[in-house]
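*Asks:* PDB, C-alpha atoms, saved as coords-v1.pdb, coming up:
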ATOM      1  CA  MET A 901      29.770  13.129  12.776
ATOM      2  CA  ASN A 902      30.693  13.733   9.136
ATOM      3  CA  HIS A 903      28.139  11.668   7.228
ATOM      4  CA  SER A 904      30.282  11.719   4.090
ATOM      5  CA  HIS A 905      32.470   9.157   5.840
ATOM      6  CA  PHE A 906      29.697   6.625   5.862
ATOM      7  CA  LEU A 907      29.040   4.166   3.091
ATOM      8  CA  ILE A 908      25.622   4.200   1.427
ATOM      9  CA  PHE A 909      24.457   0.596   1.465
ATOM     10  CA  LEU A 910      23.028  -0.017  -2.024
ATOM     11  CA  LEU A 911      20.231  -2.496  -2.557
ATOM     12  CA  VAL A 912      20.039  -4.631  -5.682
ATOM     13  CA  PHE A 913      17.208  -3.535  -7.973
ATOM     14  CA  SER A 914      16.889  -6.346 -10.479
ATOM     15  CA  PHE A 915      15.995  -9.871  -9.440
ATOM     16  CA  PRO A 916      15.733 -13.187 -11.207
ATOM     17  CA  PHE A 917      12.212 -14.574 -11.158
ATOM     18  CA  TYR A 918      13.074 -17.080  -8.406
ATOM     19  CA  LEU A 919      14.481 -14.345  -6.197
ATOM     20  CA  TYR A 920      11.560 -12.015  -6.885
ATOM     21  CA  ALA A 921       9.173 -14.763  -5.809
ATOM     22  CA  GLN A 922      10.924 -14.913  -2.445
ATOM     23  CA  THR A 923      10.578 -11.174  -1.715
ATOM     24  CA  GLN A 924       7.761  -8.707  -1.329
ATOM     25  CA  LYS A 925       7.064  -6.227  -4.109
ATOM     26  CA  ASN A 926       8.193  -2.617  -3.779
ATOM     27  CA  GLY A 927       5.536  -0.147  -2.690
ATOM     28  CA  SER A 928       3.741  -2.653  -0.464
ATOM     29  CA  SER A 929       1.078  -1.245   1.819
ATOM     30  CA  PHE A 930       0.980  -1.973   5.531
ATOM     31  CA  LEU A 931      -1.925  -4.387   5.113
ATOM     32  CA  ASP A 932      -0.080  -6.355   2.412
ATOM     33  CA  ASN A 933       2.576  -7.563   4.814
ATOM     34  CA  TYR A 934       1.599  -6.647   8.363
ATOM     35  CA  GLN A 935      -1.248  -6.825  10.851
ATOM     36  CA  VAL A 936      -2.026  -5.106  14.139
ATOM     37  CA  THR A 937      -1.403  -7.525  17.015
ATOM     38  CA  TRP A 938      -2.450  -5.537  20.089
ATOM     39  CA  GLY A 939      -3.755  -2.136  21.173
ATOM     40  CA  GLY A 940      -5.800  -1.750  17.999
ATOM     41  CA  ASP A 941      -7.595   1.358  19.256
ATOM     42  CA  HIS A 942      -4.161   2.960  19.737
ATOM     43  CA  VAL A 943      -3.120   2.451  16.093
ATOM     44  CA  SER A 944      -3.697   5.162  13.464
ATOM     45  CA  TYR A 945      -3.102   5.288   9.709
ATOM     46  CA  LEU A 946      -1.687   8.544   8.324
ATOM     47  CA  ASN A 947      -0.886   9.875   4.849
ATOM     48  CA  GLN A 948      -3.350   7.497   3.184
ATOM     49  CA  GLY A 949      -1.850   4.530   4.993
ATOM     50  CA  GLU A 950       1.773   5.310   4.149
ATOM     51  CA  VAL A 951       2.505   5.847   7.854
ATOM     52  CA  VAL A 952       1.291   3.799  10.816
ATOM     53  CA  GLN A 953       1.255   5.500  14.204
ATOM     54  CA  LEU A 954       1.424   3.561  17.457
ATOM     55  CA  SER A 955       0.343   5.203  20.683
ATOM     56  CA  LEU A 956       0.870   4.480  24.379
ATOM     57  CA  ASP A 957      -1.001   5.962  27.346
ATOM     58  CA  ASN A 958      -1.871   4.823  30.856
ATOM     59  CA  HIS A 959      -4.329   2.275  29.421
ATOM     60  CA  THR A 960      -2.242   0.385  26.865
ATOM     61  CA  GLY A 961       0.481   0.447  24.290
ATOM     62  CA  SER A 962       0.246  -1.049  20.804
ATOM     63  CA  GLY A 963       2.056  -3.073  18.192
ATOM     64  CA  PHE A 964       2.017  -4.834  14.840
ATOM     65  CA  ALA A 965       3.792  -7.786  13.226
ATOM     66  CA  SER A 966       4.413  -9.354   9.839
ATOM     67  CA  LYS A 967       1.916 -11.879   8.556
ATOM     68  CA  LEU A 968       4.722 -14.271   7.585
ATOM     69  CA  ASN A 969       7.854 -15.666   9.172
ATOM     70  CA  TYR A 970      11.227 -15.378   7.431
ATOM     71  CA  GLY A 971      14.459 -17.377   7.365
ATOM     72  CA  SER A 972      16.873 -14.752   6.000
ATOM     73  CA  GLY A 973      16.735 -11.321   4.442
ATOM     74  CA  PHE A 974      17.352  -7.605   4.659
ATOM     75  CA  PHE A 975      14.695  -6.115   6.932
ATOM     76  CA  ASN A 976      14.019  -2.419   7.255
ATOM     77  CA  MET A 977      11.660  -0.156   9.183
ATOM     78  CA  SER A 978      11.678   3.655   9.099
ATOM     79  CA  ILE A 979      10.771   5.075  12.500
ATOM     80  CA  LYS A 980      10.136   8.536  13.928
ATOM     81  CA  LEU A 981      10.176   8.645  17.731
ATOM     82  CA  PRO A 982       7.864  10.553  20.097
ATOM     83  CA  ASP A 983       8.988  14.134  20.721
ATOM     84  CA  ASN A 984       7.524  14.413  24.241
ATOM     85  CA  ALA A 985       9.821  16.245  26.667
ATOM     86  CA  TYR A 986       9.864  13.244  29.028
ATOM     87  CA  THR A 987       9.679   9.653  27.778
ATOM     88  CA  ALA A 988      11.438   7.757  30.573
ATOM     89  CA  GLY A 989      10.415   4.105  30.720
ATOM     90  CA  LEU A 990       9.218   4.071  27.120
ATOM     91  CA  VAL A 991      10.478   1.376  24.746
ATOM     92  CA  ILE A 992      10.027   1.615  20.971
ATOM     93  CA  ALA A 993      10.978  -1.786  19.590
ATOM     94  CA  PHE A 994      11.658  -3.167  16.112
ATOM     95  CA  TYR A 995      12.760  -6.778  16.178
ATOM     96  CA  LEU A 996      12.734 -10.232  14.629
ATOM     97  CA  THR A 997      11.629 -13.110  16.826
ATOM     98  CA  SER A 998      10.665 -16.766  16.725
ATOM     99  CA  LYS A 999       9.168 -16.476  20.210
ATOM    100  CA  SER A1000       5.541 -16.605  19.084
ATOM    101  CA  ASN A1001       6.302 -19.985  17.521
ATOM    102  CA  ASN A1002       7.907 -21.517  20.615
ATOM    103  CA  THR A1003       6.299 -22.956  23.723
ATOM    104  CA  ASN A1004       9.621 -23.049  25.565
ATOM    105  CA  ASP A1005      12.549 -20.706  25.920
ATOM    106  CA  THR A1006      14.565 -21.714  22.871
ATOM    107  CA  HIS A1007      13.657 -18.741  20.719
ATOM    108  CA  ASP A1008      15.860 -16.670  18.410
ATOM    109  CA  GLU A1009      15.586 -12.891  18.378
ATOM    110  CA  LEU A1010      17.267  -9.748  17.035
ATOM    111  CA  ASP A1011      16.394  -6.479  18.790
ATOM    112  CA  PHE A1012      16.438  -2.772  18.166
ATOM    113  CA  GLU A1013      15.089  -1.133  21.343
ATOM    114  CA  LEU A1014      14.961   2.653  21.490
ATOM    115  CA  LEU A1015      14.840   3.735  25.102
ATOM    116  CA  GLY A1016      13.050   6.779  26.516
ATOM    117  CA  HIS A1017      14.661   9.639  28.394
ATOM    118  CA  THR A1018      14.195  12.188  31.164
ATOM    119  CA  GLU A1019      13.878  15.896  30.323
ATOM    120  CA  GLY A1020      16.882  17.285  28.492
ATOM    121  CA  LYS A1021      18.403  13.869  27.816
ATOM    122  CA  PRO A1022      18.550  11.973  24.490
ATOM    123  CA  TYR A1023      17.071   8.657  23.421
ATOM    124  CA  LEU A1024      19.455   5.710  23.683
ATOM    125  CA  LEU A1025      19.575   2.509  21.650
ATOM    126  CA  GLN A1026      19.930  -1.046  22.922
ATOM    127  CA  THR A1027      20.515  -4.010  20.614
ATOM    128  CA  ASN A1028      20.475  -7.684  21.537
ATOM    129  CA  VAL A1029      20.868 -11.108  19.942
ATOM    130  CA  PHE A1030      19.175 -14.302  21.134
ATOM    131  CA  ALA A1031      20.055 -17.745  19.782
ATOM    132  CA  ASN A1032      18.270 -20.871  21.000
ATOM    133  CA  GLY A1033      16.952 -18.970  24.004
ATOM    134  CA  GLN A1034      20.254 -17.430  25.067
ATOM    135  CA  GLY A1035      20.382 -13.652  25.019
ATOM    136  CA  ASN A1036      22.153 -11.292  27.422
ATOM    137  CA  ARG A1037      24.169  -9.905  24.507
ATOM    138  CA  GLU A1038      23.230  -6.276  25.069
ATOM    139  CA  GLN A1039      25.010  -3.356  23.502
ATOM    140  CA  ARG A1040      23.982   0.247  24.190
ATOM    141  CA  MET A1041      24.839   3.343  22.235
ATOM    142  CA  SER A1042      23.894   6.966  21.768
ATOM    143  CA  LEU A1043      22.745   8.281  18.388
ATOM    144  CA  TRP A1044      24.355  10.851  16.072
ATOM    145  CA  PHE A1045      20.993  12.394  15.128
ATOM    146  CA  ASP A1046      17.728  13.500  16.714
ATOM    147  CA  PRO A1047      15.344  10.562  16.108
ATOM    148  CA  THR A1048      12.247  12.691  16.788
ATOM    149  CA  THR A1049      12.515  15.188  13.933
ATOM    150  CA  ASP A1050      12.439  12.808  10.957
ATOM    151  CA  PHE A1051      12.251   9.149   9.982
ATOM    152  CA  HIS A1052      15.386   7.017  10.231
ATOM    153  CA  SER A1053      15.881   3.490   8.894
ATOM    154  CA  TYR A1054      16.672   0.641  11.280
ATOM    155  CA  GLN A1055      17.839  -2.424   9.361
ATOM    156  CA  PHE A1056      18.844  -6.054   9.856
ATOM    157  CA  LEU A1057      20.891  -8.060   7.367
ATOM    158  CA  TRP A1058      20.510 -11.747   8.248
ATOM    159  CA  ASN A1059      22.228 -14.387   6.159
ATOM    160  CA  PRO A1060      24.126 -17.630   6.942
ATOM    161  CA  HIS A1061      27.388 -15.748   7.462
ATOM    162  CA  HIS A1062      26.500 -12.942   9.821
ATOM    163  CA  ILE A1063      23.881 -10.558  11.146
ATOM    164  CA  VAL A1064      24.464  -6.842  10.658
ATOM    165  CA  PHE A1065      22.489  -4.096  12.392
ATOM    166  CA  TYR A1066      22.339  -0.837  10.413
ATOM    167  CA  ILE A1067      20.937   2.626  11.016
ATOM    168  CA  ASP A1068      20.467   4.667   7.834
ATOM    169  CA  ASP A1069      22.758   2.196   6.028
ATOM    170  CA  VAL A1070      25.539   2.631   8.607
ATOM    171  CA  PRO A1071      26.595  -0.651  10.285
ATOM    172  CA  ILE A1072      26.416  -0.392  14.074
ATOM    173  CA  ARG A1073      26.741  -4.043  15.098
ATOM    174  CA  VAL A1074      27.971  -7.306  13.593
ATOM    175  CA  PHE A1075      27.275 -10.783  14.963
ATOM    176  CA  LYS A1076      29.195 -13.442  13.042
ATOM    177  CA  ASN A1077      28.106 -17.035  12.546
ATOM    178  CA  ASN A1078      30.539 -18.863  14.810
ATOM    179  CA  THR A1079      28.621 -22.102  15.201
ATOM    180  CA  ASN A1080      31.846 -23.927  14.281
ATOM    181  CA  ILE A1081      33.228 -23.028  17.729
ATOM    182  CA  GLY A1082      29.981 -23.644  19.578
ATOM    183  CA  VAL A1083      28.397 -20.183  19.546
ATOM    184  CA  GLY A1084      24.664 -20.127  18.889
ATOM    185  CA  PHE A1085      23.407 -18.358  15.766
ATOM    186  CA  PRO A1086      19.751 -17.570  14.919
ATOM    187  CA  ALA A1087      18.429 -20.340  12.663
ATOM    188  CA  GLN A1088      14.663 -20.397  13.270
ATOM    189  CA  PRO A1089      11.974 -18.689  11.167
ATOM    190  CA  MET A1090      11.294 -15.283  12.672
ATOM    191  CA  GLN A1091       8.454 -12.788  12.522
ATOM    192  CA  ILE A1092       8.994  -9.031  12.173
ATOM    193  CA  VAL A1093       7.525  -7.160  15.150
ATOM    194  CA  THR A1094       7.203  -3.534  16.263
ATOM    195  CA  SER A1095       5.788  -2.281  19.528
ATOM    196  CA  LEU A1096       5.435   0.728  21.813
ATOM    197  CA  TRP A1097       5.333  -0.333  25.451
ATOM    198  CA  ASN A1098       6.090   0.453  29.096
ATOM    199  CA  GLY A1099       9.532  -0.867  30.015
ATOM    200  CA  GLU A1100      10.027   1.307  33.090
ATOM    201  CA  ALA A1101      11.396  -1.613  35.117
ATOM    202  CA  TRP A1102      14.696  -1.356  33.220
ATOM    203  CA  ALA A1103      14.629   1.001  30.215
ATOM    204  CA  THR A1104      15.784   4.359  31.637
ATOM    205  CA  ASP A1105      18.497   4.902  34.250
ATOM    206  CA  GLN A1106      18.442   1.160  34.998
ATOM    207  CA  GLY A1107      14.790   1.428  35.975
ATOM    208  CA  ARG A1108      15.156   4.348  38.373
ATOM    209  CA  SER A1109      13.258   6.768  36.100
ATOM    210  CA  LYS A1110       9.641   5.699  35.661
ATOM    211  CA  MET A1111       6.885   6.412  33.134
ATOM    212  CA  ASN A1112       5.023   9.671  33.711
ATOM    213  CA  TYR A1113       1.784   9.579  31.758
ATOM    214  CA  THR A1114       1.066  13.262  32.331
ATOM    215  CA  TYR A1115       3.568  13.866  29.527
ATOM    216  CA  GLY A1116       1.657  11.523  27.196
ATOM    217  CA  PRO A1117       0.216  10.178  25.084
ATOM    218  CA  PHE A1118       3.383   8.940  23.412
ATOM    219  CA  LYS A1119       3.225   8.416  19.656
ATOM    220  CA  ALA A1120       5.753   6.767  17.344
ATOM    221  CA  GLN A1121       5.407   6.612  13.562
ATOM    222  CA  PHE A1122       6.490   3.825  11.218
ATOM    223  CA  LYS A1123       6.746   3.545   7.444
ATOM    224  CA  GLY A1124       8.410   1.441   4.747
ATOM    225  CA  PHE A1125       6.451  -1.796   4.696
ATOM    226  CA  ASP A1126       8.243  -3.631   1.882
ATOM    227  CA  ILE A1127       9.937  -6.839   3.019
ATOM    228  CA  ASN A1128      13.069  -8.273   1.395
ATOM    229  CA  GLY A1129      12.971 -11.669   3.041
ATOM    230  CA  CYS A1130      12.669 -15.385   2.408
ATOM    231  CA  PRO A1131       9.321 -16.665   3.747
ATOM    232  CA  ALA A1132       9.612 -19.754   5.931
ATOM    233  CA  GLN A1133       7.119 -21.914   7.778
ATOM    234  CA  TYR A1134       7.559 -21.539  11.529
ATOM    235  CA  ASN A1135       8.101 -25.267  12.103
ATOM    236  CA  ALA A1136      10.283 -25.900   9.051
ATOM    237  CA  SER A1137      13.991 -25.747   8.273
ATOM    238  CA  ILE A1138      15.254 -22.450   6.876
ATOM    239  CA  GLN A1139      17.882 -24.182   4.726
ATOM    240  CA  GLU A1140      16.189 -23.052   1.490
ATOM    241  CA  CYS A1141      16.518 -19.475   2.725
ATOM    242  CA  TYR A1142      20.311 -19.845   2.563
ATOM    243  CA  SER A1143      20.162 -20.065  -1.242
ATOM    244  CA  SER A1144      22.780 -18.004  -3.085
ATOM    245  CA  GLU A1145      20.006 -16.969  -5.487
ATOM    246  CA  LEU A1146      18.807 -14.541  -2.805
ATOM    247  CA  TRP A1147      20.801 -11.343  -3.150
ATOM    248  CA  TRP A1148      21.448 -10.866   0.582
ATOM    249  CA  ASN A1149      23.121 -14.314   0.675
ATOM    250  CA  GLY A1150      25.580 -13.495  -2.109
ATOM    251  CA  PRO A1151      29.349 -13.196  -1.517
ATOM    252  CA  LYS A1152      29.094  -9.387  -1.523
ATOM    253  CA  TYR A1153      27.176  -9.616   1.748
ATOM    254  CA  TRP A1154      29.304 -12.205   3.569
ATOM    255  CA  ASN A1155      31.459  -9.489   5.161
ATOM    256  CA  LEU A1156      31.441  -5.745   5.569
ATOM    257  CA  SER A1157      33.158  -3.852   2.787
ATOM    258  CA  ASP A1158      36.222  -1.801   3.719
ATOM    259  CA  ALA A1159      34.149   1.387   3.727
ATOM    260  CA  GLU A1160      31.461  -0.221   5.891
ATOM    261  CA  HIS A1161      34.079  -1.553   8.271
ATOM    262  CA  ASN A1162      35.617   1.915   8.645
ATOM    263  CA  ALA A1163      32.196   3.452   9.309
ATOM    264  CA  TYR A1164      31.439   0.697  11.821
ATOM    265  CA  GLU A1165      34.676   1.283  13.731
ATOM    266  CA  LYS A1166      33.936   5.026  13.922
ATOM    267  CA  VAL A1167      30.446   4.396  15.296
ATOM    268  CA  LYS A1168      31.772   2.003  17.934
ATOM    269  CA  LYS A1169      34.510   4.393  18.993
ATOM    270  CA  LYS A1170      32.275   7.461  19.280
ATOM    271  CA  TYR A1171      28.824   6.194  20.249
ATOM    272  CA  LEU A1172      29.012   2.716  21.808
ATOM    273  CA  TYR A1173      29.126   3.033  25.597
ATOM    274  CA  TYR A1174      28.201  -0.477  26.768
ATOM    275  CA  ASP A1175      29.187  -3.845  25.301
ATOM    276  CA  TYR A1176      28.527  -7.056  27.187
ATOM    277  CA  CYS A1177      31.806  -8.400  25.804
ATOM    278  CA  ASN A1178      33.671  -5.823  27.880
ATOM    279  CA  ASP A1179      31.671  -6.302  31.090
ATOM    280  CA  VAL A1180      34.219  -8.117  33.229
ATOM    281  CA  GLY A1181      32.121  -7.586  36.350
ATOM    282  CA  ARG A1182      29.241  -9.408  34.746
ATOM    283  CA  TYR A1183      31.457 -12.272  33.610
ATOM    284  CA  PRO A1184      34.126 -12.693  36.324
ATOM    285  CA  ASN A1185      34.967 -16.189  35.085
ATOM    286  CA  GLY A1186      35.424 -15.138  31.479
ATOM    287  CA  VAL A1187      33.378 -13.425  28.801
ATOM    288  CA  PRO A1188      31.127 -15.444  26.446
ATOM    289  CA  LEU A1189      32.876 -17.472  23.775
ATOM    290  CA  GLU A1190      31.938 -15.129  20.911
ATOM    291  CA  CYS A1191      33.756 -12.338  22.735
ATOM    292  CA  SER A1192      37.072 -14.193  22.731
ATOM    293  CA  ASN A1193      39.859 -12.351  21.001
ATOM    294  CA  LEU A1194      41.129 -13.771  17.724
ATOM    295  CA  ASN A1195      43.909 -12.075  15.770
ATOM    296  CA  GLY A1196      43.343  -8.805  17.602
ATOM    297  CA  PHE A1197      39.590  -8.604  17.017
ATOM    298  CA  SER A1198      36.635  -9.578  19.155
ATOM    299  CA  ILE A1199      34.837 -12.398  17.315
ATOM    300  CA  SER A1200      31.537 -10.522  17.478
ATOM    301  CA  HIS A1201      33.225  -7.562  15.768
ATOM    302  CA  SER A1202      35.604  -9.353  13.410
ATOM    303  CA  ILE A1203      35.728  -9.298   9.665
ATOM    304  CA  SER A1204      36.330 -12.758   8.234
ATOM    305  CA  THR A1205      39.116 -13.202   5.731
TER     306      THR A1205
END
Go ahead and express the file in the form of structure tokens.
*Replies:*
Amino acid sequence: MNHSHFLIFLLVFSFPFYLYAQTQKNGSSFLDNYQVTWGGDHVSYLNQGEVVQLSLDNHTGSGFASKLNYGSGFFNMSIKLPDNAYTAGLVIAFYLTSKSNNTNDTHDELDFELLGHTEGKPYLLQTNVFANGQGNREQRMSLWFDPTTDFHSYQFLWNPHHIVFYIDDVPIRVFKNNTNIGVGFPAQPMQIVTSLWNGEAWATDQGRSKMNYTYGPFKAQFKGFDINGCPAQYNASIQECYSSELWWNGPKYWNLSDAEHNAYEKVKKKYLYYDYCNDVGRYPNGVPLECSNLNGFSISHSIST
């Protein structure tokens, strides 16, 4: 793919005091914003703490999460995947979730899940959106780069208008706020989570290819621990996080720009190979409401006018 065709998504560098108070300072260390949540003896700090490495072997995986919950923002994590020849069953996840705050299945969640491979095959990416406990909105795609040779940025834009998934500033998925027609939209405070874990029941070849620990240990590296987000108490309304004073809520970010939209359409055409909205066999009585076609566009892919 010709990368010159993709728009570079520019962040805003100057903030009013109010906005600055709602975001984390640039150059934050891991310990400023995050904490290890499991598999502590499988977590390493490299380059004077600039990089955190998670490891998985036949004993355990590992993970970390943000100390705070957030109600909107632009969330980024740079990730370098394990370069083992065989990683089938492995899942490297970066996601937002309210699940730790819920005692029932009404959680919201946004998922990047990088899925392991058999020898000679590439990593694949699955994304998903949960709203009020309803998920099953999987999309799967291949990547236009080797995710094992360098760090790549996986990003969520979450504001009251839509959720955009980006890789290296290229939009790969858009989920619009269509609550006006009865479609759920994430509206609960969510924590930022990363993990390295065994998902062999489903991750590779629909679960047919299993983990093989003789190829391990498996190590993924993470960096970029600044957080551009609006902190929110887990049991509180996120209405304040919809403020237009927060740059990611401004009109510029209500829709994709023309250049972003063009890049997004190219990614879908070339790399997207599964979309739940097109799975007629899964939904014989009709696809979910957000997949309905309006003015020639799927709602979940549309650009509002």
*Asks:* So that I can see what lies close to Tyr1134 (chain A), please list as JSON, numbers by chain the residues with an atom at most 9 Å from it, counting all atoms listed in the file and leaving out residues fewer than 3 positions away in the same chain.
*Replies:* {"A": [968, 969, 970, 998, 1001, 1088, 1089, 1090, 1091, 1137]}
*Asks:* I'd like the residues picked by the PyMOL selection byres ((chain A and resi 991) around 12) written out as a count of residues only, using the chain letters and numbers from the file.
*Replies:* 42
*Asks:* Please put the answer as AutoDock Vina command-line options: centre and edge lengths, in Å with one decimal, of a box along x, y and z that encloses all listed atoms of region 962-978 of chain A plus 5 Å on each side.
*Replies:*
--center_x 8.8 --center_y -6.9 --center_z 12.6 --size_x 27.1 --size_y 31.0 --size_z 26.4
*Asks:* Which distance in Å separates CA of Val952 (chain A) and CA of Gly973 (chain A), to one decimal?
*Replies:*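 CA of Val952 (chain A) sits 22.5 Å away from CA of Gly973 (chain A).
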*Asks:* Could you jot down the CA of Arg1073 (chain A) to CA of Asn933 (chain A) separation for me, Å, one decimal place?
*Replies:*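 Interatomic distance here is 26.5 Å.
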*Asks:* List the residues selected by the PyMOL selection byres ((chain A and resi 1057) around 12) in the file shown, writing them as a PDB file with C-alpha atoms, in the frame of the given file.
*Replies:*
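Below is the file out-v3.pdb, written as the result:
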ATOM      1  CA  PHE A 909      24.457   0.596   1.465  1.00  0.00           C
ATOM      2  CA  LEU A 911      20.231  -2.496  -2.557  1.00  0.00           C
ATOM      3  CA  GLY A 971      14.459 -17.377   7.365  1.00  0.00           C
ATOM      4  CA  SER A 972      16.873 -14.752   6.000  1.00  0.00           C
ATOM      5  CA  GLY A 973      16.735 -11.321   4.442  1.00  0.00           C
ATOM      6  CA  PHE A 974      17.352  -7.605   4.659  1.00  0.00           C
ATOM      7  CA  PHE A 975      14.695  -6.115   6.932  1.00  0.00           C
ATOM      8  CA  ASN A 976      14.019  -2.419   7.255  1.00  0.00           C
ATOM      9  CA  LEU A 996      12.734 -10.232  14.629  1.00  0.00           C
ATOM     10  CA  LEU A1010      17.267  -9.748  17.035  1.00  0.00           C
ATOM     11  CA  TYR A1054      16.672   0.641  11.280  1.00  0.00           C
ATOM     12  CA  GLN A1055      17.839  -2.424   9.361  1.00  0.00           C
ATOM     13  CA  PHE A1056      18.844  -6.054   9.856  1.00  0.00           C
ATOM     14  CA  TRP A1058      20.510 -11.747   8.248  1.00  0.00           C
ATOM     15  CA  ASN A1059      22.228 -14.387   6.159  1.00  0.00           C
ATOM     16  CA  PRO A1060      24.126 -17.630   6.942  1.00  0.00           C
ATOM     17  CA  HIS A1061      27.388 -15.748   7.462  1.00  0.00           C
ATOM     18  CA  HIS A1062      26.500 -12.942   9.821  1.00  0.00           C
ATOM     19  CA  ILE A1063      23.881 -10.558  11.146  1.00  0.00           C
ATOM     20  CA  VAL A1064      24.464  -6.842  10.658  1.00  0.00           C
ATOM     21  CA  PHE A1065      22.489  -4.096  12.392  1.00  0.00           C
ATOM     22  CA  TYR A1066      22.339  -0.837  10.413  1.00  0.00           C
ATOM     23  CA  ILE A1067      20.937   2.626  11.016  1.00  0.00           C
ATOM     24  CA  ASP A1069      22.758   2.196   6.028  1.00  0.00           C
ATOM     25  CA  VAL A1070      25.539   2.631   8.607  1.00  0.00           C
ATOM     26  CA  PRO A1071      26.595  -0.651  10.285  1.00  0.00           C
ATOM     27  CA  ILE A1072      26.416  -0.392  14.074  1.00  0.00           C
ATOM     28  CA  ARG A1073      26.741  -4.043  15.098  1.00  0.00           C
ATOM     29  CA  VAL A1074      27.971  -7.306  13.593  1.00  0.00           C
ATOM     30  CA  PHE A1075      27.275 -10.783  14.963  1.00  0.00           C
ATOM     31  CA  LYS A1076      29.195 -13.442  13.042  1.00  0.00           C
ATOM     32  CA  ILE A1127       9.937  -6.839   3.019  1.00  0.00           C
ATOM     33  CA  ASN A1128      13.069  -8.273   1.395  1.00  0.00           C
ATOM     34  CA  GLY A1129      12.971 -11.669   3.041  1.00  0.00           C
ATOM     35  CA  TRP A1147      20.801 -11.343  -3.150  1.00  0.00           C
ATOM     36  CA  TRP A1148      21.448 -10.866   0.582  1.00  0.00           C
ATOM     37  CA  ASN A1149      23.121 -14.314   0.675  1.00  0.00           C
ATOM     38  CA  GLY A1150      25.580 -13.495  -2.109  1.00  0.00           C
ATOM     39  CA  TYR A1153      27.176  -9.616   1.748  1.00  0.00           C
ATOM     40  CA  TRP A1154      29.304 -12.205   3.569  1.00  0.00           C
ATOM     41  CA  ASN A1155      31.459  -9.489   5.161  1.00  0.00           C
ATOM     42  CA  LEU A1156      31.441  -5.745   5.569  1.00  0.00           C
TER      43      LEU A1156
END
*Asks:* Out of A:Cys1177, A:Ala965, A:Met977, A:Ile1138, which residue has the shortest atom-to-atom distance to Glu1038 (chain A) when counting all atoms listed in the file?
*Replies:*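 Among the listed residues, the smallest separation from Glu1038 (chain A) belongs to A:Cys1177.
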*Asks:* Mind pulling up the distance from CA of Ser966 (chain A) to CA of Ile979 (chain A)?
*Replies:*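 Result for CA of Ile979 (chain A) versus CA of Ser966 (chain A): 16.0 Å, one decimal.
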*Asks:* So, counting all atoms listed in the file, which residue among A:Pro1151, A:Pro1022, A:Gly1124, A:Gly1084 is closest to Arg1037 (chain A)?
*Replies:*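 For Arg1037 (chain A), the nearest of the given residues is A:Gly1084.
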*Asks:* Please determine, counting only C-alpha atoms, which residue among A:Tyr1174, A:Ala1087, A:Thr1079, A:Glu1160 has the shortest atom-to-atom distance to Gln1139 (chain A).
*Replies:*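 Looking only at the distances to Gln1139 (chain A), the closest residue turns out to be A:Ala1087.
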*Asks:* Name all residues at most 12 Å from Asn1036 (chain A) (count all atoms listed in the file; drop same-chain ones fewer than 5 positions away) and give them as a VMD selection string.
*Replies:* chain A and resid 1009 to 1011 1026 to 1031 1175 to 1177 1179 1182 to 1183 1187 to 1188
*Asks:* Might you spell out which residues the PyMOL selection byres ((chain A and resi 1044) around 12) would select in the displayed file, as an NGL selection string?
*Replies:* :A and (901-903 or 1022-1025 or 1041-1043 or 1045-1047 or 1052 or 1067-1068 or 1070 or 1072 or 1166-1168 or 1170-1172)
*Asks:* Go through A:Gln1034, A:Gln1133, A:Tyr1113, A:Glu1140 and flag the residue nearest His959 (chain A), using only C-alpha atoms for the distances.
*Replies:* A:Tyr1113
